[in-house]
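Just structure27.cif here, mmCIF, C-alpha atoms:
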data_structure
loop_
_atom_site.label_atom_id
_atom_site.label_comp_id
_atom_site.auth_asym_id
_atom_site.auth_seq_id
_atom_site.Cartn_x
_atom_site.Cartn_y
_atom_site.Cartn_z
CA MET A 636 23.48 23.93 -42.03
CA PRO A 637 25.16 20.48 -41.71
CA GLY A 638 24.03 20.07 -38.10
CA THR A 639 20.42 20.81 -39.03
CA LYS A 640 20.47 18.33 -41.94
CA SER A 641 22.00 15.69 -39.68
CA SER A 642 19.39 16.16 -36.96
CA THR A 643 16.56 16.15 -39.53
CA ALA A 644 17.85 12.90 -41.02
CA ALA A 645 18.07 11.37 -37.55
CA ALA A 646 14.49 12.44 -36.81
CA ARG A 647 13.28 10.84 -40.05
CA ALA A 648 15.14 7.64 -39.25
CA ARG A 649 13.63 7.67 -35.75
CA ARG A 650 10.11 8.09 -37.14
CA ARG A 651 10.66 5.25 -39.58
CA THR A 652 11.81 3.00 -36.78
CA LEU A 653 8.99 4.10 -34.49
CA HIS A 654 6.41 3.27 -37.12
CA SER A 655 8.11 0.06 -38.19
CA CYS A 656 6.25 -3.10 -37.30
CA LEU A 657 7.52 -5.92 -35.12
CA GLY A 658 5.77 -8.18 -37.61
CA GLU A 659 6.13 -11.60 -39.09
CA GLU A 660 7.97 -10.30 -42.17
CA LEU A 661 11.10 -9.70 -40.09
CA SER A 662 13.58 -12.37 -39.06
CA ASP A 663 14.12 -13.12 -35.36
CA VAL A 664 17.43 -11.25 -35.39
CA GLU A 665 15.82 -8.18 -37.03
CA ARG A 666 12.93 -8.20 -34.59
CA HIS A 667 15.34 -8.48 -31.68
CA GLU A 668 17.37 -5.52 -32.92
CA LEU A 669 14.23 -3.49 -33.59
CA LEU A 670 12.90 -4.19 -30.08
CA SER A 671 16.21 -2.98 -28.65
CA GLN A 672 15.97 0.23 -30.70
CA LYS A 673 12.40 0.85 -29.66
CA LEU A 674 13.27 0.42 -25.98
CA ALA A 675 16.11 2.91 -26.41
CA GLN A 676 13.87 5.40 -28.23
CA CYS A 677 11.30 5.26 -25.43
CA THR A 678 13.83 6.72 -23.01
CA VAL A 679 12.87 10.11 -24.47
CA VAL A 680 10.59 11.81 -21.93
CA PHE A 681 8.06 14.43 -23.05
CA ASP A 682 6.75 17.40 -21.09
CA PHE A 683 3.05 16.88 -20.39
CA GLN A 684 2.61 20.18 -18.58
CA ASN A 685 2.05 21.69 -22.01
CA LEU A 686 -0.48 19.31 -23.56
CA ASN A 687 -0.16 20.83 -27.05
CA GLU A 688 3.60 20.48 -27.27
CA ASN A 689 5.22 17.67 -29.30
CA LEU A 690 1.89 16.00 -30.02
CA GLU A 691 3.34 13.89 -32.83
CA GLY A 692 6.20 12.67 -30.66
CA LYS A 693 3.90 11.86 -27.74
CA GLU A 694 1.56 9.89 -29.97
CA ALA A 695 4.46 8.04 -31.61
CA LYS A 696 5.92 7.08 -28.24
CA GLN A 697 2.54 5.86 -26.96
CA THR A 698 2.13 3.76 -30.11
CA THR A 699 5.60 2.30 -29.67
CA LEU A 700 5.07 1.47 -25.99
CA THR A 701 1.78 -0.23 -26.89
CA GLU A 702 3.57 -2.19 -29.60
CA ILE A 703 6.34 -3.30 -27.22
CA PHE A 704 3.83 -4.40 -24.60
CA GLY A 705 1.82 -6.40 -27.14
CA TYR A 706 4.94 -8.01 -28.55
CA ILE A 707 6.41 -9.19 -25.23
CA SER A 708 2.96 -10.34 -24.06
CA GLU A 709 2.34 -12.52 -27.11
CA ARG A 710 5.79 -14.11 -27.41
CA THR A 711 8.19 -15.90 -25.12
CA GLY A 712 11.94 -15.60 -25.00
CA VAL A 713 12.03 -12.11 -26.53
CA ILE A 714 13.55 -10.20 -23.59
CA THR A 715 16.97 -11.77 -23.48
CA PRO A 716 19.72 -10.66 -21.07
CA ASP A 717 21.33 -8.42 -23.71
CA LEU A 718 18.12 -6.34 -23.76
CA TYR A 719 18.13 -5.74 -19.98
CA PRO A 720 20.26 -2.56 -20.19
CA ASN A 721 17.87 -0.84 -22.63
CA LEU A 722 14.81 -2.08 -20.74
CA PHE A 723 15.98 -0.75 -17.40
CA LYS A 724 17.17 2.52 -18.95
CA MET A 725 13.70 2.98 -20.44
CA VAL A 726 11.94 2.15 -17.15
CA SER A 727 14.24 4.40 -15.10
CA ALA A 728 14.03 7.33 -17.52
CA ASN A 729 10.23 7.31 -17.47
CA LEU A 730 9.38 6.39 -13.89
CA PHE A 731 12.11 7.96 -11.77
CA ARG A 732 11.28 11.65 -11.70
CA THR A 733 10.64 14.42 -9.23
CA ILE A 734 7.14 14.10 -7.79
CA PRO A 735 5.18 17.39 -8.01
CA PRO A 736 4.59 19.10 -4.64
CA GLN A 737 1.35 18.19 -2.94
CA ILE A 738 -1.64 20.42 -3.58
CA ASN A 739 -2.18 20.99 0.13
CA ALA A 740 1.39 20.79 1.39
CA PHE A 741 0.77 22.17 4.90
CA GLY A 742 -2.89 21.44 5.64
CA ASP A 743 -4.69 18.17 6.23
CA PRO A 744 -3.42 15.14 4.28
CA PHE A 745 -5.13 14.20 1.04
CA ASP A 746 -8.48 12.52 1.70
CA PRO A 747 -9.85 10.55 -1.28
CA GLU A 748 -13.41 10.98 0.00
CA GLU A 749 -13.15 14.76 0.32
CA ASP A 750 -10.49 16.01 -2.10
CA GLU A 751 -10.33 15.92 -5.88
CA PRO A 752 -7.74 13.37 -7.01
CA ARG A 753 -4.61 14.71 -8.66
CA GLU A 754 -3.79 12.73 -11.78
CA GLU A 755 -0.37 12.45 -13.39
CA ALA A 756 -0.49 14.19 -16.79
CA ALA A 757 2.02 11.74 -18.28
CA TRP A 758 -0.05 8.71 -17.24
CA PRO A 759 -0.77 7.57 -20.86
CA HIS A 760 2.97 6.84 -21.17
CA LEU A 761 3.63 5.82 -17.56
CA CYS A 762 0.80 3.31 -17.58
CA LEU A 763 2.32 1.46 -20.52
CA VAL A 764 5.80 1.55 -18.98
CA TYR A 765 4.41 -0.06 -15.82
CA HIS A 766 2.62 -2.70 -17.93
CA ILE A 767 5.82 -3.51 -19.83
CA PHE A 768 7.92 -3.74 -16.66
CA LEU A 769 5.31 -5.88 -14.90
CA ARG A 770 5.06 -8.20 -17.89
CA PHE A 771 8.85 -8.51 -17.83
CA LEU A 772 8.86 -9.38 -14.09
CA GLU A 773 6.10 -11.98 -14.53
CA SER A 774 7.64 -13.55 -17.63
CA GLY A 775 8.86 -17.12 -17.45
CA ASP A 776 12.03 -15.88 -19.15
CA PHE A 777 12.89 -13.53 -16.27
CA ASN A 778 16.53 -14.08 -15.35
CA GLN A 779 17.02 -13.34 -11.67
CA GLY A 780 20.80 -13.60 -11.87
CA VAL A 781 21.07 -10.97 -14.60
CA ALA A 782 18.37 -8.76 -13.04
CA ARG A 783 20.36 -8.50 -9.80
CA SER A 784 22.68 -6.05 -11.50
CA TYR A 785 19.76 -3.71 -12.16
CA ILE A 786 17.21 -4.30 -9.38
CA ASP A 787 19.49 -3.19 -6.58
CA ASN A 788 19.03 -1.06 -3.46
CA ALA A 789 19.14 2.22 -5.38
CA PHE A 790 16.57 1.07 -7.97
CA THR A 791 14.22 -0.27 -5.28
CA MET A 792 14.57 2.87 -3.18
CA GLN A 793 13.52 5.04 -6.13
CA LEU A 794 10.46 2.84 -6.62
CA LEU A 795 9.54 3.24 -2.95
CA GLU A 796 9.88 7.03 -3.17
CA LEU A 797 7.22 7.07 -5.90
CA PHE A 798 4.63 5.71 -3.45
CA ASP A 799 4.21 9.28 -2.19
CA CYS A 800 2.70 10.37 -5.51
CA GLU A 801 -0.90 11.60 -5.44
CA ASP A 802 -2.15 9.57 -8.41
CA VAL A 803 -3.82 6.45 -7.00
CA ARG A 804 -3.44 4.68 -10.38
CA GLU A 805 0.32 4.91 -10.17
CA ARG A 806 0.37 3.74 -6.56
CA GLU A 807 -1.67 0.67 -7.54
CA SER A 808 0.83 -0.11 -10.31
CA LEU A 809 3.76 0.42 -7.95
CA LYS A 810 2.16 -1.90 -5.40
CA THR A 811 1.96 -4.72 -7.94
CA VAL A 812 5.49 -4.13 -9.24
CA LEU A 813 7.06 -4.06 -5.77
CA HIS A 814 5.17 -7.18 -4.76
CA ARG A 815 6.52 -9.01 -7.83
CA ILE A 816 10.07 -7.83 -7.08
CA TYR A 817 9.71 -9.07 -3.49
CA GLY A 818 8.57 -12.46 -4.77
CA LYS A 819 11.25 -12.80 -7.45
CA MET A 820 14.32 -11.16 -5.92
CA LEU A 821 14.97 -13.06 -2.70
CA ASN A 822 18.13 -11.05 -2.04
CA MET A 823 16.07 -7.83 -1.88
CA ARG A 824 13.48 -8.95 0.67
CA SER A 825 15.24 -7.75 3.81
CA PHE A 826 16.08 -4.40 2.23
CA ILE A 827 12.47 -3.87 1.08
CA ARG A 828 11.10 -4.62 4.56
CA LYS A 829 13.61 -2.31 6.25
CA SER A 830 12.97 0.48 3.74
CA ILE A 831 9.21 0.26 4.25
CA ASN A 832 9.80 0.32 8.02
CA HIS A 833 11.81 3.51 7.60
CA ILE A 834 9.00 5.14 5.60
CA PHE A 835 6.51 4.22 8.33
CA LEU A 836 8.71 5.50 11.15
CA GLN A 837 9.29 8.78 9.36
CA PHE A 838 5.54 9.06 8.82
CA ILE A 839 4.71 8.31 12.48
CA TYR A 840 7.29 10.47 14.21
CA GLU A 841 8.13 13.23 11.73
CA THR A 842 5.77 14.07 8.88
CA GLN A 843 2.39 12.34 9.42
CA ARG A 844 2.04 12.86 5.67
CA HIS A 845 2.47 10.18 3.01
CA ASN A 846 0.13 9.18 0.21
CA GLY A 847 1.18 5.54 -0.05
CA ILE A 848 0.80 4.16 3.48
CA ALA A 849 -2.31 2.12 2.57
CA GLU A 850 -0.63 0.54 -0.47
CA LEU A 851 2.57 -0.25 1.47
CA LEU A 852 0.47 -1.88 4.20
CA GLU A 853 -1.27 -3.99 1.54
CA ILE A 854 2.12 -5.26 0.41
CA LEU A 855 3.09 -5.97 4.01
CA GLY A 856 -0.18 -7.85 4.56
CA SER A 857 0.88 -10.32 1.88
CA ILE A 858 4.43 -10.45 3.28
CA ILE A 859 3.18 -11.15 6.82
CA ASN A 860 0.92 -13.87 5.46
CA GLY A 861 4.05 -15.61 4.17
CA PHE A 862 5.99 -15.43 7.46
CA THR A 863 7.01 -18.79 8.84
CA VAL A 864 6.05 -19.89 12.34
CA PRO A 865 7.43 -19.34 14.92
CA LEU A 866 7.84 -15.68 14.05
CA LYS A 867 11.36 -14.26 13.95
CA GLU A 868 12.42 -11.59 16.43
CA GLU A 869 12.77 -9.16 13.51
CA HIS A 870 9.11 -9.63 12.60
CA ILE A 871 7.84 -9.31 16.17
CA GLY A 872 10.00 -6.20 16.55
CA PHE A 873 8.35 -4.73 13.46
CA LEU A 874 4.93 -5.29 15.06
CA HIS A 875 5.92 -3.51 18.27
CA ARG A 876 8.05 -0.68 16.87
CA VAL A 877 6.24 0.14 13.63
CA LEU A 878 2.88 -1.49 13.01
CA LEU A 879 1.17 -0.80 16.34
CA PRO A 880 2.42 2.84 16.61
CA LEU A 881 0.76 3.50 13.23
CA HIS A 882 -2.50 3.53 15.22
CA LYS A 883 -1.59 6.81 16.86
CA ALA A 884 -1.04 8.77 13.63
CA ARG A 885 -3.70 11.39 12.93
CA PRO A 886 -4.54 10.27 9.34
CA MET A 887 -5.22 6.65 10.39
CA ALA A 888 -8.59 6.68 8.62
CA LEU A 889 -6.76 6.64 5.26
CA TYR A 890 -5.20 3.22 5.91
CA TYR A 891 -7.27 1.72 8.75
CA ALA A 892 -8.54 -1.32 6.81
CA GLN A 893 -5.04 -2.35 5.69
CA LEU A 894 -3.56 -1.75 9.16
CA SER A 895 -6.26 -3.83 10.84
CA TYR A 896 -5.68 -6.64 8.35
CA CYS A 897 -1.94 -6.68 9.11
CA THR A 898 -2.62 -6.78 12.85
CA VAL A 899 -4.99 -9.72 12.53
CA GLN A 900 -2.45 -11.50 10.28
CA PHE A 901 0.09 -11.34 13.10
CA LEU A 902 -2.47 -12.76 15.53
CA GLU A 903 -3.26 -15.66 13.23
CA LYS A 904 0.46 -16.43 13.01
CA ASP A 905 0.96 -16.17 16.79
CA PRO A 906 -2.18 -15.99 18.99
CA GLY A 907 0.10 -15.31 21.96
CA LEU A 908 0.55 -11.74 20.70
CA ALA A 909 -3.09 -10.86 21.46
CA GLU A 910 -2.44 -9.40 24.91
CA THR A 911 0.41 -7.21 23.64
CA ILE A 912 -1.66 -5.96 20.70
CA LEU A 913 -4.72 -5.19 22.80
CA ARG A 914 -2.71 -3.35 25.46
CA SER A 915 -1.07 -1.26 22.74
CA LEU A 916 -4.46 -0.37 21.24
CA LEU A 917 -5.71 0.66 24.68
CA ARG A 918 -2.60 2.81 25.16
CA PHE A 919 -3.10 4.54 21.80
CA TRP A 920 -6.88 4.89 22.20
CA PRO A 921 -8.03 8.28 20.85
CA LYS A 922 -9.32 10.74 23.41
CA VAL A 923 -11.22 13.33 21.34
CA ASN A 924 -11.61 11.73 17.91
CA SER A 925 -14.90 9.82 17.75
CA PRO A 926 -14.57 8.53 14.14
CA LYS A 927 -11.18 7.11 15.07
CA GLU A 928 -12.70 5.51 18.17
CA VAL A 929 -15.18 3.69 15.95
CA MET A 930 -12.24 2.28 13.96
CA PHE A 931 -10.52 1.12 17.14
CA VAL A 932 -13.70 -0.63 18.27
CA SER A 933 -13.97 -2.35 14.88
CA GLU A 934 -10.38 -3.55 15.16
CA ILE A 935 -11.01 -4.82 18.68
CA GLU A 936 -13.94 -6.81 17.34
CA SER A 937 -11.73 -8.29 14.58
CA ILE A 938 -9.24 -9.36 17.23
CA MET A 939 -12.04 -10.94 19.26
CA ASP A 940 -12.68 -13.31 16.35
CA VAL A 941 -9.21 -14.86 16.62
CA ILE A 942 -8.19 -14.37 20.26
CA GLU A 943 -7.82 -17.42 22.46
CA PRO A 944 -9.81 -17.64 25.74
CA ALA A 945 -6.67 -17.58 27.91
CA GLN A 946 -5.45 -14.40 26.19
CA PHE A 947 -8.87 -12.78 26.61
CA ALA A 948 -8.89 -13.59 30.32
CA ALA A 949 -5.49 -11.94 30.77
CA VAL A 950 -6.59 -8.64 29.25
CA CYS A 951 -10.37 -8.52 29.85
CA GLN A 952 -10.23 -6.10 32.80
CA PRO A 953 -8.36 -3.20 31.14
CA LEU A 954 -10.23 -3.97 27.93
CA PHE A 955 -13.64 -3.60 29.58
CA GLN A 956 -12.64 -0.40 31.32
CA GLN A 957 -12.35 1.06 27.82
CA VAL A 958 -15.39 -0.81 26.48
CA VAL A 959 -17.58 0.71 29.20
CA LYS A 960 -16.28 4.20 28.36
CA CYS A 961 -17.29 3.58 24.76
CA ILE A 962 -20.76 2.34 25.73
CA VAL A 963 -21.40 5.45 27.82
CA SER A 964 -19.93 7.75 25.16
CA PRO A 965 -22.22 10.65 24.22
CA HIS A 966 -21.26 10.02 20.60
CA PHE A 967 -23.93 7.56 19.52
CA GLN A 968 -21.84 5.93 16.75
CA VAL A 969 -19.13 4.97 19.24
CA ALA A 970 -21.73 3.55 21.64
CA GLU A 971 -23.66 1.80 18.86
CA ARG A 972 -20.55 0.21 17.35
CA THR A 973 -19.40 -1.03 20.77
CA LEU A 974 -22.77 -2.54 21.62
CA GLY A 975 -22.69 -4.28 18.24
CA MET A 976 -19.86 -6.46 19.56
CA TRP A 977 -22.44 -8.38 21.58
CA ARG A 978 -23.73 -9.89 18.34
CA ASN A 979 -20.54 -11.97 18.28
CA ASN A 980 -21.39 -15.24 20.04
CA TYR A 981 -17.74 -16.12 20.66
CA PHE A 982 -17.17 -12.75 22.33
CA VAL A 983 -20.26 -13.22 24.50
CA SER A 984 -19.14 -16.70 25.52
CA MET A 985 -15.76 -15.34 26.67
CA ILE A 986 -17.52 -12.62 28.66
CA THR A 987 -19.64 -15.32 30.34
CA ASP A 988 -16.54 -17.34 31.23
CA ASN A 989 -14.94 -14.26 32.84
CA ILE A 990 -18.05 -12.60 34.25
CA HIS A 991 -16.54 -12.49 37.75
CA LEU A 992 -13.79 -10.21 36.43
CA ILE A 993 -15.89 -8.12 34.06
CA LEU A 994 -19.11 -7.54 36.02
CA PRO A 995 -17.62 -5.30 38.75
CA ILE A 996 -16.13 -3.06 36.06
CA ALA A 997 -19.09 -2.92 33.69
CA LEU A 998 -22.27 -3.13 35.74
CA SER A 999 -22.51 0.31 37.38
CA GLY A 1000 -21.49 2.29 34.30
CA ILE A 1001 -23.80 0.42 31.95
CA TYR A 1002 -26.71 0.61 34.41
CA ARG A 1003 -26.40 4.40 34.75
CA HIS A 1004 -26.09 4.73 31.01
CA SER A 1005 -29.20 2.66 30.37
CA ARG A 1006 -31.26 5.27 32.18
CA SER A 1007 -29.74 8.48 30.90
CA HIS A 1008 -28.41 8.27 27.31
CA TRP A 1009 -29.92 10.90 25.01
CA ASN A 1010 -30.22 8.54 22.00
CA ARG A 1011 -33.26 6.28 22.26
CA ASN A 1012 -31.75 3.53 20.08
CA ILE A 1013 -28.70 3.33 22.31
CA HIS A 1014 -30.93 3.48 25.38
CA ASN A 1015 -32.91 0.49 24.14
CA GLN A 1016 -29.84 -1.53 23.13
CA VAL A 1017 -28.22 -1.06 26.55
#
Could you quickly redo this structure as structure tokens?
Amino acid sequence: MPGTKSSTAAARARRRTLHSCLGEELSDVERHELLSQKLAQCTVVFDFQNLNENLEGKEAKQTTLTEIFGYISERTGVITPDLYPNLFKMVSANLFRTIPPQINAFGDPFDPEEDEPREEAAWPHLCLVYHIFLRFLESGDFNQGVARSYIDNAFTMQLLELFDCEDVRERESLKTVLHRIYGKMLNMRSFIRKSINHIFLQFIYETQRHNGIAELLEILGSIINGFTVPLKEEHIGFLHRVLLPLHKARPMALYYAQLSYCTVQFLEKDPGLAETILRSLLRFWPKVNSPKEVMFVSEIESIMDVIEPAQFAAVCQPLFQQVVKCIVSPHFQVAERTLGMWRNNYFVSMITDNIHLILPIALSGIYRHSRSHWNRNIHNQV
């Protein structure tokens, strides 16, 4: 049949092009045209749910993606503005897809320490696509003016949606890509911040389920580090409305380290925020979740490293009401972690300076505890 012959001929031509080499024997114009063809061919997406299907095509595409990555890594000036359409079509076709439903859609969120990781079957191709796109973003030939037509709100939003995937490898790649876009595309910065805020608010008040909160907080940690002083109202509003309420979400253990880092970054930018931050932590303090209490105590200790004496004096009374509760906690890890704060000489010096405010609150509770706690180590430390 004519149609069959035509399609067979096209397939042969495609294989020839796929296996062609971007080598020295070609002229610059031929290499440029071949790179454009290869980018276009890599828009074909294969089904990895059936691992034995289209093996030749999958292998050919992986070879081609590897070849493209090597070529643009070794040479400069190869991704010219006329190649941007094919490059972005290839990236969009491969990355922007429907994320599979979560394994445990209605139970506890995915815990990397307890649950088996779910890996994306198409990762051999996706990994190379991320490498190519990242190399493009980091290239000295990157043209921000031309890229604006492609890296717009819709493109960025689709990238952000992928952060909910369960494959940690993809989230790490997304984190790097989004960070590069934030650094390169100044016109997208406000939109990226607002979109991340929206994801956090939806997580806090609606779903309490999202796989990429830790990675998004890592990006924000770098963004906060770049904030100018004095902080803008928008940034302080983000701290109050979004960052601090993240402490009350049930799965906080999955992103505690990144959240604590962001909080301390704000304090280093503006020490005057210490009282507000501490009062918010006291308001969100967990009532029946001892592991989470240990995290709160650790964050309090991190804040104690950067708080100014005047700020400590303003908040020491409500703070020590909670500190005493932690010391007398029947959960020995909470009590032990709280008592460990006394190894911080700066913290002890601030207690000494405000002993007239702290002693009436702390003395009776700690004294009773020193005589009755069931754990001998805690008993001795008190």
May I ask which of the residues A:Leu809, A:Val923, A:Met792, A:Val950 is the closest one to Met823 of chain A, counting only C-alpha atoms? A:Met792
Using only C-alpha atoms, can you list as a count of residues only the residues within 9 Å of (-0.6, -6.9, 8.3)? 20
When you look at segment 969-980 of chain A with a cut-off of 9 Å (counting only C-alpha atoms), what residues show up, excluding the ones that are within fewer than 4 positions of it in the same chain? I need them as an MDAnalysis selection string. chainID A and resid 925:926 928:929 932:933 936 939:940 958:965 984:985 1012:1013 1016:1017
Given the file above and the PyMOL selection byres ((chain A and resi 689-703) around 9), which residues are selected, and can you give them as number ranges by chain? A: 650, 653-654, 656-657, 670, 673-674, 676-677, 679-683, 685-688, 704-708, 759-760, 763-764, 767
Please produce an output containing C-alpha atoms for each residue in the selection, written as an mmCIF file, keeping the file's coordinate frame.
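Written file, result_1.cif:
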data_model
loop_
_atom_site.group_PDB
_atom_site.id
_atom_site.type_symbol
_atom_site.label_atom_id
_atom_site.label_comp_id
_atom_site.auth_asym_id
_atom_site.auth_seq_id
_atom_site.Cartn_x
_atom_site.Cartn_y
_atom_site.Cartn_z
ATOM 1 C CA ARG A 650 10.110 8.090 -37.140
ATOM 2 C CA LEU A 653 8.990 4.100 -34.490
ATOM 3 C CA HIS A 654 6.410 3.270 -37.120
ATOM 4 C CA CYS A 656 6.250 -3.100 -37.300
ATOM 5 C CA LEU A 657 7.520 -5.920 -35.120
ATOM 6 C CA LEU A 670 12.900 -4.190 -30.080
ATOM 7 C CA LYS A 673 12.400 0.850 -29.660
ATOM 8 C CA LEU A 674 13.270 0.420 -25.980
ATOM 9 C CA GLN A 676 13.870 5.400 -28.230
ATOM 10 C CA CYS A 677 11.300 5.260 -25.430
ATOM 11 C CA VAL A 679 12.870 10.110 -24.470
ATOM 12 C CA VAL A 680 10.590 11.810 -21.930
ATOM 13 C CA PHE A 681 8.060 14.430 -23.050
ATOM 14 C CA ASP A 682 6.750 17.400 -21.090
ATOM 15 C CA PHE A 683 3.050 16.880 -20.390
ATOM 16 C CA ASN A 685 2.050 21.690 -22.010
ATOM 17 C CA LEU A 686 -0.480 19.310 -23.560
ATOM 18 C CA ASN A 687 -0.160 20.830 -27.050
ATOM 19 C CA GLU A 688 3.600 20.480 -27.270
ATOM 20 C CA PHE A 704 3.830 -4.400 -24.600
ATOM 21 C CA GLY A 705 1.820 -6.400 -27.140
ATOM 22 C CA TYR A 706 4.940 -8.010 -28.550
ATOM 23 C CA ILE A 707 6.410 -9.190 -25.230
ATOM 24 C CA SER A 708 2.960 -10.340 -24.060
ATOM 25 C CA PRO A 759 -0.770 7.570 -20.860
ATOM 26 C CA HIS A 760 2.970 6.840 -21.170
ATOM 27 C CA LEU A 763 2.320 1.460 -20.520
ATOM 28 C CA VAL A 764 5.800 1.550 -18.980
ATOM 29 C CA ILE A 767 5.820 -3.510 -19.830
#
For this structure, which residues satisfy the selection - the PyMOL selection byres ((chain A and resi 947) around 12) - when it is evaluated on the file as given? I want them as a VMD selection string. chain A and resid 906 to 914 935 938 to 946 948 to 955 981 to 990 992 to 993
